[in-house]
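Since the structure comes first, as structure tokens, the remarks are kept for the end.
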Amino acid sequence: MIKTFDLISNSDVTIRKALASFVQKDRVYKNNYLQANYKKAFDGYSFIGQKDSLNQYDTDMLHSFVLSDFQEVEHFPKEFHPFLKNEWKPLIKRIKALELASIKKLNNSILEQLYKDDVIGYMMSCNYYPKPLKYSAFAKNNTRLSAHKDVSLFTTFPFGIANGLSFFNEEKNRVAVGEKNTIIQFSGYFLEFVSQHKIKALEHQVNLPKDLNTERYSFAIFSIPKPNISFWLGNKKIESNNYYKKYLSLF
Ligand SMILES: [Fe+2]
């Protein structure tokens, strides 16, 4: 279900600083970077209460910024440039190696072909959950982030994970992951899609903390089919943007 690996670096200092400083900027500045301005996969900023975010509900209690290798670095806010210029490539290289190792074990030639054909690209969801005190009245099912499956082939938390993430196991019981100082990897909906539902995506959520004065950061890397391409799954031709639509229709 969830796989763990040794950390590459336990330092999310650069990206955490970038996200914190972006979130503190005024609304006018941040609005330049909404998903509607990028229109490429899931790239861009989503704020608390936003009705038209592609990756969070208006009841979710986080600010998120999706970075990717689908754009030039310069298209992202300058706060993220040091991370994207200095840390992105080695991080993705390591994540990709872990994914290829996981895929080898699955012994699935269609999946291996996707990597060989350069179909798979990477995005990173950078998430900041402010103290939920002032939002908790709106909390849905006692969550900060409601239950969902990811759009990804794999989702990887490269810097470990803070308390709060829980998932549903095969018996439909909720299991808390707890704080982890290891890389965490789990399957997303694209793996479910490609395997024709033989391998299930992990349904997960972030619970409200007991102490409503607790902030939270998380950084998750998603492998997904690159935007605006078509690719083959066996003898079936798929448009990546149609896959995104199919995924979004789950919600
Ligand atoms: Fe998720």
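Ordering of the structure tokens sets the chain letters (A, B, ...); residue numbers start at 1 within each chain; ligands are numbered from 1 in the order shown.
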Please check which protein, DNA or RNA residues sit within 9 Å of ligand 1, counting only C-alpha atoms and all ligand atoms, and write them as a ChimeraX atom specification. /A:55,125,145-151,155,188,202-206,220
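The environment of region 236-249 of chain A within 7 Å, counting only C-alpha atoms and disregarding residues fewer than 5 places along the same chain, consists of A:Val151, A:Pro225, A:Lys226, A:Pro227, A:Asn228, A:Ile229, A:Ser230, A:Phe231.
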Export of prior selection with C-alpha atoms as a CSV table (one decimal), in the first residue's frame:
```
chain,number,residue,atom,x,y,z
A,151,VAL,CA,-4.3,12.0,-10.3
A,225,PRO,CA,1.2,11.8,-18.2
A,226,LYS,CA,2.6,15.1,-19.6
A,227,PRO,CA,-0.1,17.6,-20.7
A,228,ASN,CA,-1.2,17.9,-24.4
A,229,ILE,CA,0.3,14.6,-25.6
A,230,SER,CA,-1.2,11.4,-26.8
A,231,PHE,CA,0.2,8.0,-25.9
```
Can you pull out the residues contacting His81 (chain A)? Cut-off 12 Å, using only C-alpha atoms, and skip same-chain residues under 3 positions away; I want them as a list in words. Thr14, Ile15, Lys17, Ala18, Leu19, Phe22, Leu67, Ser68, Glu72, Val73, Glu74, His75, Phe76, Pro77, Lys78, Leu84, Lys85, Asn86, Glu87 and Trp88 of chain A
What would the file look like if the residues just selected were written as a PDB file, in the first residue's frame with N, CA and C atoms?
```pdb
ATOM      1  N   THR A  14      14.383  24.940   1.580  1.00  0.00           N
ATOM      2  CA  THR A  14      14.266  25.883   0.459  1.00  0.00           C
ATOM      3  C   THR A  14      12.825  25.991  -0.014  1.00  0.00           C
ATOM      4  N   ILE A  15      12.176  24.873  -0.207  1.00  0.00           N
ATOM      5  CA  ILE A  15      10.822  24.894  -0.754  1.00  0.00           C
ATOM      6  C   ILE A  15       9.817  25.403   0.286  1.00  0.00           C
ATOM      7  N   LYS A  17      10.457  27.605   2.610  1.00  0.00           N
ATOM      8  CA  LYS A  17      10.643  29.064   2.666  1.00  0.00           C
ATOM      9  C   LYS A  17       9.947  29.727   1.466  1.00  0.00           C
ATOM     10  N   ALA A  18      10.102  29.103   0.306  1.00  0.00           N
ATOM     11  CA  ALA A  18       9.499  29.643  -0.916  1.00  0.00           C
ATOM     12  C   ALA A  18       7.977  29.705  -0.784  1.00  0.00           C
ATOM     13  N   LEU A  19       7.396  28.614  -0.316  1.00  0.00           N
ATOM     14  CA  LEU A  19       5.939  28.555  -0.208  1.00  0.00           C
ATOM     15  C   LEU A  19       5.441  29.560   0.835  1.00  0.00           C
ATOM     16  N   PHE A  22       5.607  33.022  -0.604  1.00  0.00           N
ATOM     17  CA  PHE A  22       4.564  33.245  -1.627  1.00  0.00           C
ATOM     18  C   PHE A  22       3.196  33.471  -0.975  1.00  0.00           C
ATOM     19  N   LEU A  67       3.842  23.050  -8.797  1.00  0.00           N
ATOM     20  CA  LEU A  67       4.973  23.321  -9.690  1.00  0.00           C
ATOM     21  C   LEU A  67       5.102  22.115 -10.616  1.00  0.00           C
ATOM     22  N   SER A  68       5.808  22.284 -11.729  1.00  0.00           N
ATOM     23  CA  SER A  68       5.995  21.120 -12.605  1.00  0.00           C
ATOM     24  C   SER A  68       7.163  21.352 -13.535  1.00  0.00           C
ATOM     25  N   GLU A  72       8.518  26.628 -18.295  1.00  0.00           N
ATOM     26  CA  GLU A  72       9.817  27.223 -17.990  1.00  0.00           C
ATOM     27  C   GLU A  72       9.784  27.686 -16.533  1.00  0.00           C
ATOM     28  N   VAL A  73      10.909  27.567 -15.863  1.00  0.00           N
ATOM     29  CA  VAL A  73      11.005  28.014 -14.464  1.00  0.00           C
ATOM     30  C   VAL A  73      10.506  29.458 -14.323  1.00  0.00           C
ATOM     31  N   GLU A  74      10.839  30.288 -15.302  1.00  0.00           N
ATOM     32  CA  GLU A  74      10.487  31.720 -15.236  1.00  0.00           C
ATOM     33  C   GLU A  74       8.984  31.965 -15.178  1.00  0.00           C
ATOM     34  N   HIS A  75       8.188  31.003 -15.591  1.00  0.00           N
ATOM     35  CA  HIS A  75       6.728  31.182 -15.534  1.00  0.00           C
ATOM     36  C   HIS A  75       6.183  31.048 -14.112  1.00  0.00           C
ATOM     37  N   PHE A  76       6.972  30.475 -13.229  1.00  0.00           N
ATOM     38  CA  PHE A  76       6.534  30.339 -11.836  1.00  0.00           C
ATOM     39  C   PHE A  76       6.985  31.556 -11.032  1.00  0.00           C
ATOM     40  N   PRO A  77       6.332  31.833  -9.904  1.00  0.00           N
ATOM     41  CA  PRO A  77       6.718  33.011  -9.102  1.00  0.00           C
ATOM     42  C   PRO A  77       8.181  32.926  -8.676  1.00  0.00           C
ATOM     43  N   LYS A  78       8.793  34.091  -8.558  1.00  0.00           N
ATOM     44  CA  LYS A  78      10.243  34.114  -8.294  1.00  0.00           C
ATOM     45  C   LYS A  78      10.618  33.444  -6.972  1.00  0.00           C
ATOM     46  N   LEU A  84      13.508  25.434  -7.807  1.00  0.00           N
ATOM     47  CA  LEU A  84      13.368  24.827  -9.136  1.00  0.00           C
ATOM     48  C   LEU A  84      14.717  24.759  -9.868  1.00  0.00           C
ATOM     49  N   LYS A  85      15.550  25.785  -9.671  1.00  0.00           N
ATOM     50  CA  LYS A  85      16.830  25.812 -10.393  1.00  0.00           C
ATOM     51  C   LYS A  85      17.872  24.895  -9.768  1.00  0.00           C
ATOM     52  N   ASN A  86      17.851  24.759  -8.449  1.00  0.00           N
ATOM     53  CA  ASN A  86      18.950  24.032  -7.789  1.00  0.00           C
ATOM     54  C   ASN A  86      18.574  22.646  -7.271  1.00  0.00           C
ATOM     55  N   GLU A  87      17.307  22.434  -6.928  1.00  0.00           N
ATOM     56  CA  GLU A  87      16.972  21.186  -6.232  1.00  0.00           C
ATOM     57  C   GLU A  87      16.041  20.258  -7.011  1.00  0.00           C
ATOM     58  N   TRP A  88      15.313  20.822  -7.958  1.00  0.00           N
ATOM     59  CA  TRP A  88      14.285  20.036  -8.663  1.00  0.00           C
ATOM     60  C   TRP A  88      14.870  18.831  -9.396  1.00  0.00           C
TER      61      TRP A  88
END
```
Using only C-alpha atoms, the residue out of A:Phe5, A:Phe167, A:Tyr217, A:Tyr57 with shortest distance to Ile183 (chain A) is A:Phe5
So that I can check the secondary structure, give me every residue of region 133-179 of chain A assigned strand (DSSP E or B) by backbone DSSP, as a PyMOL selection string. chain A and resi 143-148+154-157+161+165-168+174-176
Extract, using only C-alpha atoms, all DNA, RNA and protein residues at most 10 Å from Thr143 (chain A), discarding same-chain residues fewer than 2 positions from it, and format them as a VMD selection string. chain A and resid 59 to 61 136 138 to 141 145 to 147 164 to 165 205 to 209
Given only C-alpha atoms as the counted atoms, nearest of A:Gln50, A:Asn169, A:Ser64, A:Ser109 to Arg16 (chain A):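 Looking only at the distances to Arg16 (chain A), the closest residue turns out to be A:Ser64.
One distance worth recording is that between CA of Ile161 (chain A) and CA of Lys180 (chain A), which is 5.1 Å.
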Please provide the set of residues having any atom within 8 Å of Phe42 (chain A), restricted to only C-alpha atoms, with same-chain residues fewer than 4 positions apart removed, written as a list in words.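 These residues fall inside the cut-off: Gln35, Leu54, Asn55 and Val66 of chain A.
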Selected residues written out, C-alpha atoms, as a PDB file, in the first residue's frame:
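out33.pdb, freshly written:
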```
ATOM      1  CA  GLN A  35      -4.432  27.684 -12.316  1.00  0.00           C
ATOM      2  CA  LEU A  54      -8.683  21.576  -9.858  1.00  0.00           C
ATOM      3  CA  ASN A  55      -6.997  19.997  -6.871  1.00  0.00           C
ATOM      4  CA  VAL A  66       1.555  23.075  -8.019  1.00  0.00           C
TER       5      VAL A  66
END
```
